[in-house]
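Q: Contents of protein_13.cif (mmCIF, N, CA, C and O atoms):
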data_protein
loop_
_atom_site.label_atom_id
_atom_site.label_comp_id
_atom_site.auth_asym_id
_atom_site.auth_seq_id
_atom_site.Cartn_x
_atom_site.Cartn_y
_atom_site.Cartn_z
N MET U 1171 110.87 82.24 89.70
CA MET U 1171 109.68 82.52 90.48
C MET U 1171 109.78 83.94 91.02
O MET U 1171 110.83 84.38 91.46
N ALA U 1172 108.66 84.69 91.00
CA ALA U 1172 108.64 86.06 91.48
C ALA U 1172 108.75 86.10 92.99
O ALA U 1172 108.25 85.23 93.69
N GLU U 1173 109.42 87.14 93.47
CA GLU U 1173 109.56 87.32 94.92
C GLU U 1173 108.24 87.86 95.47
O GLU U 1173 107.62 88.74 94.89
N VAL U 1174 107.81 87.32 96.60
CA VAL U 1174 106.56 87.73 97.22
C VAL U 1174 106.88 88.59 98.43
O VAL U 1174 107.70 88.21 99.26
N ALA U 1175 106.21 89.73 98.53
CA ALA U 1175 106.40 90.61 99.68
C ALA U 1175 105.76 89.99 100.91
O ALA U 1175 104.91 89.11 100.81
N ASP U 1176 106.18 90.47 102.08
CA ASP U 1176 105.55 90.00 103.32
C ASP U 1176 104.07 90.35 103.27
O ASP U 1176 103.69 91.47 102.92
N MET U 1177 103.24 89.39 103.62
CA MET U 1177 101.80 89.61 103.60
C MET U 1177 101.17 88.97 104.82
O MET U 1177 101.66 87.97 105.33
N ALA U 1178 100.09 89.57 105.26
CA ALA U 1178 99.32 89.04 106.37
C ALA U 1178 97.97 88.58 105.84
O ALA U 1178 97.41 89.20 104.94
N ILE U 1179 97.48 87.52 106.39
CA ILE U 1179 96.15 87.04 106.02
C ILE U 1179 95.17 87.70 106.99
O ILE U 1179 95.36 87.65 108.19
N THR U 1180 94.15 88.33 106.42
CA THR U 1180 93.14 88.98 107.25
C THR U 1180 91.79 88.89 106.58
O THR U 1180 91.70 88.71 105.37
N ARG U 1181 90.76 89.00 107.37
CA ARG U 1181 89.39 89.00 106.84
C ARG U 1181 88.85 90.40 107.04
O ARG U 1181 88.85 90.93 108.14
N ILE U 1182 88.42 91.03 105.93
CA ILE U 1182 87.87 92.37 106.00
C ILE U 1182 86.57 92.43 105.21
O ILE U 1182 86.34 91.64 104.30
N TYR U 1183 85.72 93.37 105.59
CA TYR U 1183 84.49 93.61 104.85
C TYR U 1183 84.75 94.77 103.91
O TYR U 1183 85.27 95.81 104.32
N LEU U 1184 84.42 94.58 102.64
CA LEU U 1184 84.71 95.58 101.62
C LEU U 1184 83.43 96.13 101.02
O LEU U 1184 82.42 95.42 100.92
N ASP U 1185 83.48 97.37 100.59
CA ASP U 1185 82.39 97.99 99.86
C ASP U 1185 82.41 97.37 98.46
O ASP U 1185 83.35 97.61 97.69
N ASP U 1186 81.42 96.56 98.13
CA ASP U 1186 81.41 95.84 96.85
C ASP U 1186 81.47 96.77 95.64
O ASP U 1186 82.17 96.49 94.67
N ASP U 1187 80.72 97.87 95.69
CA ASP U 1187 80.73 98.80 94.55
C ASP U 1187 82.09 99.46 94.40
O ASP U 1187 82.61 99.57 93.29
N ALA U 1188 82.68 99.88 95.51
CA ALA U 1188 84.01 100.50 95.45
C ALA U 1188 85.04 99.50 94.95
O ALA U 1188 85.93 99.85 94.16
N LEU U 1189 84.93 98.27 95.38
CA LEU U 1189 85.86 97.23 94.94
C LEU U 1189 85.74 96.99 93.44
O LEU U 1189 86.74 96.95 92.72
N ARG U 1190 84.52 96.88 92.94
CA ARG U 1190 84.31 96.67 91.49
C ARG U 1190 84.85 97.84 90.68
O ARG U 1190 85.49 97.66 89.65
N ARG U 1191 84.61 99.07 91.17
CA ARG U 1191 85.12 100.25 90.45
C ARG U 1191 86.64 100.26 90.44
O ARG U 1191 87.26 100.51 89.40
N ALA U 1192 87.24 99.96 91.58
CA ALA U 1192 88.71 99.95 91.66
C ALA U 1192 89.29 98.90 90.72
O ALA U 1192 90.30 99.14 90.06
N MET U 1193 88.66 97.73 90.66
CA MET U 1193 89.15 96.67 89.78
C MET U 1193 88.99 97.07 88.31
O MET U 1193 89.89 96.82 87.50
N ALA U 1194 87.88 97.71 87.97
CA ALA U 1194 87.65 98.12 86.58
C ALA U 1194 88.63 99.21 86.16
O ALA U 1194 89.19 99.17 85.07
N ILE U 1195 88.85 100.17 87.04
CA ILE U 1195 89.74 101.29 86.72
C ILE U 1195 91.19 100.83 86.61
O ILE U 1195 91.92 101.23 85.70
N SER U 1196 91.60 99.97 87.54
CA SER U 1196 93.01 99.56 87.60
C SER U 1196 93.35 98.42 86.66
O SER U 1196 94.50 98.24 86.30
N GLY U 1197 92.35 97.62 86.31
CA GLY U 1197 92.60 96.49 85.43
C GLY U 1197 93.10 95.24 86.16
O GLY U 1197 93.45 94.26 85.50
N VAL U 1198 93.09 95.28 87.50
CA VAL U 1198 93.51 94.07 88.23
C VAL U 1198 92.38 93.05 88.17
O VAL U 1198 91.22 93.39 87.92
N HIS U 1199 92.72 91.79 88.38
CA HIS U 1199 91.75 90.72 88.22
C HIS U 1199 91.32 90.06 89.51
O HIS U 1199 90.40 89.24 89.50
N THR U 1200 91.98 90.38 90.61
CA THR U 1200 91.61 89.75 91.88
C THR U 1200 91.33 90.83 92.93
O THR U 1200 91.87 91.94 92.87
N GLU U 1201 90.48 90.48 93.88
CA GLU U 1201 90.18 91.39 94.98
C GLU U 1201 91.44 91.70 95.78
O GLU U 1201 91.67 92.84 96.19
N GLN U 1202 92.26 90.69 95.99
CA GLN U 1202 93.50 90.88 96.74
C GLN U 1202 94.40 91.91 96.05
O GLN U 1202 94.94 92.81 96.69
N ASP U 1203 94.54 91.81 94.73
CA ASP U 1203 95.36 92.76 93.99
C ASP U 1203 94.76 94.17 94.07
O ASP U 1203 95.50 95.15 94.18
N ALA U 1204 93.44 94.27 94.03
CA ALA U 1204 92.79 95.58 94.12
C ALA U 1204 93.05 96.23 95.48
O ALA U 1204 93.36 97.43 95.56
N VAL U 1205 92.93 95.47 96.54
CA VAL U 1205 93.16 96.00 97.88
C VAL U 1205 94.63 96.39 98.04
O VAL U 1205 94.94 97.48 98.54
N ASN U 1206 95.55 95.53 97.62
CA ASN U 1206 96.97 95.85 97.74
C ASN U 1206 97.33 97.09 96.93
O ASN U 1206 98.09 97.96 97.39
N LEU U 1207 96.79 97.21 95.72
CA LEU U 1207 97.05 98.38 94.89
C LEU U 1207 96.52 99.65 95.56
O LEU U 1207 97.20 100.67 95.60
N ALA U 1208 95.31 99.57 96.10
CA ALA U 1208 94.72 100.73 96.76
C ALA U 1208 95.53 101.15 97.98
O ALA U 1208 95.74 102.35 98.21
N LEU U 1209 96.01 100.18 98.75
CA LEU U 1209 96.83 100.50 99.92
C LEU U 1209 98.14 101.16 99.50
O LEU U 1209 98.59 102.14 100.11
N ARG U 1210 98.76 100.63 98.46
CA ARG U 1210 100.02 101.21 97.98
C ARG U 1210 99.78 102.62 97.43
O ARG U 1210 100.58 103.54 97.65
N PHE U 1211 98.69 102.80 96.69
CA PHE U 1211 98.36 104.11 96.13
C PHE U 1211 98.13 105.12 97.24
O PHE U 1211 98.66 106.23 97.21
N PHE U 1212 97.34 104.74 98.22
CA PHE U 1212 97.04 105.63 99.35
C PHE U 1212 98.32 106.01 100.08
O PHE U 1212 98.56 107.18 100.37
N GLY U 1213 99.15 105.03 100.34
CA GLY U 1213 100.41 105.29 101.04
C GLY U 1213 101.37 106.14 100.24
O GLY U 1213 102.08 106.98 100.79
N SER U 1214 101.41 105.95 98.93
CA SER U 1214 102.36 106.69 98.10
C SER U 1214 101.93 108.14 97.90
O SER U 1214 102.74 108.98 97.52
N HIS U 1215 100.67 108.45 98.12
CA HIS U 1215 100.18 109.81 97.94
C HIS U 1215 100.04 110.56 99.26
O HIS U 1215 99.60 111.71 99.28
N ALA U 1216 100.39 109.92 100.35
CA ALA U 1216 100.32 110.58 101.65
C ALA U 1216 101.45 111.60 101.78
O ALA U 1216 102.53 111.42 101.21
N THR U 1217 101.19 112.65 102.50
CA THR U 1217 102.20 113.67 102.75
C THR U 1217 102.58 113.65 104.23
O THR U 1217 101.92 112.97 105.04
N ALA U 1218 103.60 114.39 104.59
CA ALA U 1218 104.01 114.47 105.99
C ALA U 1218 102.84 114.96 106.84
O ALA U 1218 102.64 114.49 107.96
N ALA U 1219 102.05 115.90 106.32
CA ALA U 1219 100.91 116.43 107.07
C ALA U 1219 99.88 115.33 107.34
O ALA U 1219 99.22 115.34 108.38
N ASP U 1220 99.74 114.40 106.41
CA ASP U 1220 98.79 113.30 106.62
C ASP U 1220 99.20 112.44 107.80
O ASP U 1220 98.35 111.90 108.51
N TYR U 1221 100.49 112.31 108.01
CA TYR U 1221 100.97 111.50 109.13
C TYR U 1221 100.78 112.24 110.45
O TYR U 1221 100.60 111.63 111.49
N GLU U 1222 100.82 113.58 110.40
CA GLU U 1222 100.59 114.38 111.61
C GLU U 1222 99.11 114.42 111.97
O GLU U 1222 98.75 114.52 113.13
N HIS U 1223 98.25 114.36 110.96
CA HIS U 1223 96.80 114.40 111.16
C HIS U 1223 96.19 113.21 110.41
O HIS U 1223 95.76 113.35 109.27
N PRO U 1224 96.19 112.05 111.04
CA PRO U 1224 95.74 110.84 110.35
C PRO U 1224 94.33 110.96 109.77
O PRO U 1224 93.47 111.65 110.30
N PHE U 1225 94.16 110.28 108.69
CA PHE U 1225 92.90 110.19 107.97
C PHE U 1225 91.86 109.52 108.86
O PHE U 1225 92.13 108.51 109.49
N HIS U 1226 90.68 110.07 108.93
CA HIS U 1226 89.60 109.47 109.72
C HIS U 1226 88.63 108.80 108.77
O HIS U 1226 88.00 109.48 107.94
N PRO U 1227 88.49 107.47 108.82
CA PRO U 1227 87.67 106.74 107.82
C PRO U 1227 86.22 107.20 107.74
O PRO U 1227 85.64 107.15 106.68
N ARG U 1228 85.64 107.66 108.82
CA ARG U 1228 84.25 108.10 108.74
C ARG U 1228 84.10 109.32 107.86
O ARG U 1228 83.06 109.54 107.27
N ALA U 1229 85.14 110.12 107.75
CA ALA U 1229 85.08 111.32 106.92
C ALA U 1229 84.99 110.96 105.44
O ALA U 1229 84.53 111.74 104.64
N ALA U 1230 85.42 109.75 105.07
CA ALA U 1230 85.42 109.34 103.66
C ALA U 1230 84.14 108.63 103.27
O ALA U 1230 83.90 108.35 102.12
N THR U 1231 83.28 108.33 104.22
CA THR U 1231 82.05 107.59 103.94
C THR U 1231 81.07 108.50 103.24
O THR U 1231 80.74 109.58 103.74
N ALA U 1232 80.62 108.07 102.08
CA ALA U 1232 79.64 108.86 101.31
C ALA U 1232 78.29 108.81 102.01
O ALA U 1232 77.88 107.81 102.56
N SER U 1233 77.57 109.91 101.96
CA SER U 1233 76.24 109.97 102.59
C SER U 1233 75.20 109.38 101.68
O SER U 1233 75.26 109.41 100.51
#
Could you write out this file's structure as structure tokens?
A:
Amino acid sequence: MAEVADMAITRIYLDDDALRRAMAISGVHTEQDAVNLALRFFGSHATAADYEHPFHPRAATAS
């Protein structure tokens, strides 16, 4: 049996279009896998400067 990482159960509202695009691009089959992959990707591409000046979610919202 595969080892499972620590996980928290949470309810979040997702951008349906962004979720579908992420799933299509990544090839994952579940919403949970898409969210976990996106979180890992975001975290792995962060730099020290990103931690000094945290990302502001409103700045990423498309107009």
Q: Between atom O of Met1177 in chain U and CA of Ala1219 in chain U, what is the spacing in Å?
A: 28.5 Å
Q: For a test of reading the model, state the distance in Å between CA of Ala1192 in chain U and atom N of His1223 in chain U, rounded to one decimal.
A: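 Rounded to one decimal, the two atoms are 25.9 Å apart.
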Q: Residues near range 1185-1189 of chain U, anyone? I mean within 10 Å using only C-alpha atoms, not counting same-chain ones fewer than 2 positions away, as a list in words.
A: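 After dropping sequence-adjacent residues, the list is Ile1182, Tyr1183, Arg1191, Ala1192, Met1193, Ala1194, Ile1195, Thr1200, Glu1201, Ala1204, Val1205 and Ala1208 of chain U.
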Q: What is the CA of Val1198 in chain U-CA of Ala1218 in chain U distance in Å, reported with one decimal?
A: 29.0 Å
Q: Enclose range 1181-1193 of chain U, meaning all of its atoms listed in the file, in a box aligned along x, y and z, pad it by 8 Å on each side, and list the centre and edge lengths in Å to one decimal, as AutoDock Vina command-line options.
A:
--center_x 85.7 --center_y 94.8 --center_z 97.8 --size_x 26.0 --size_y 27.5 --size_z 36.6
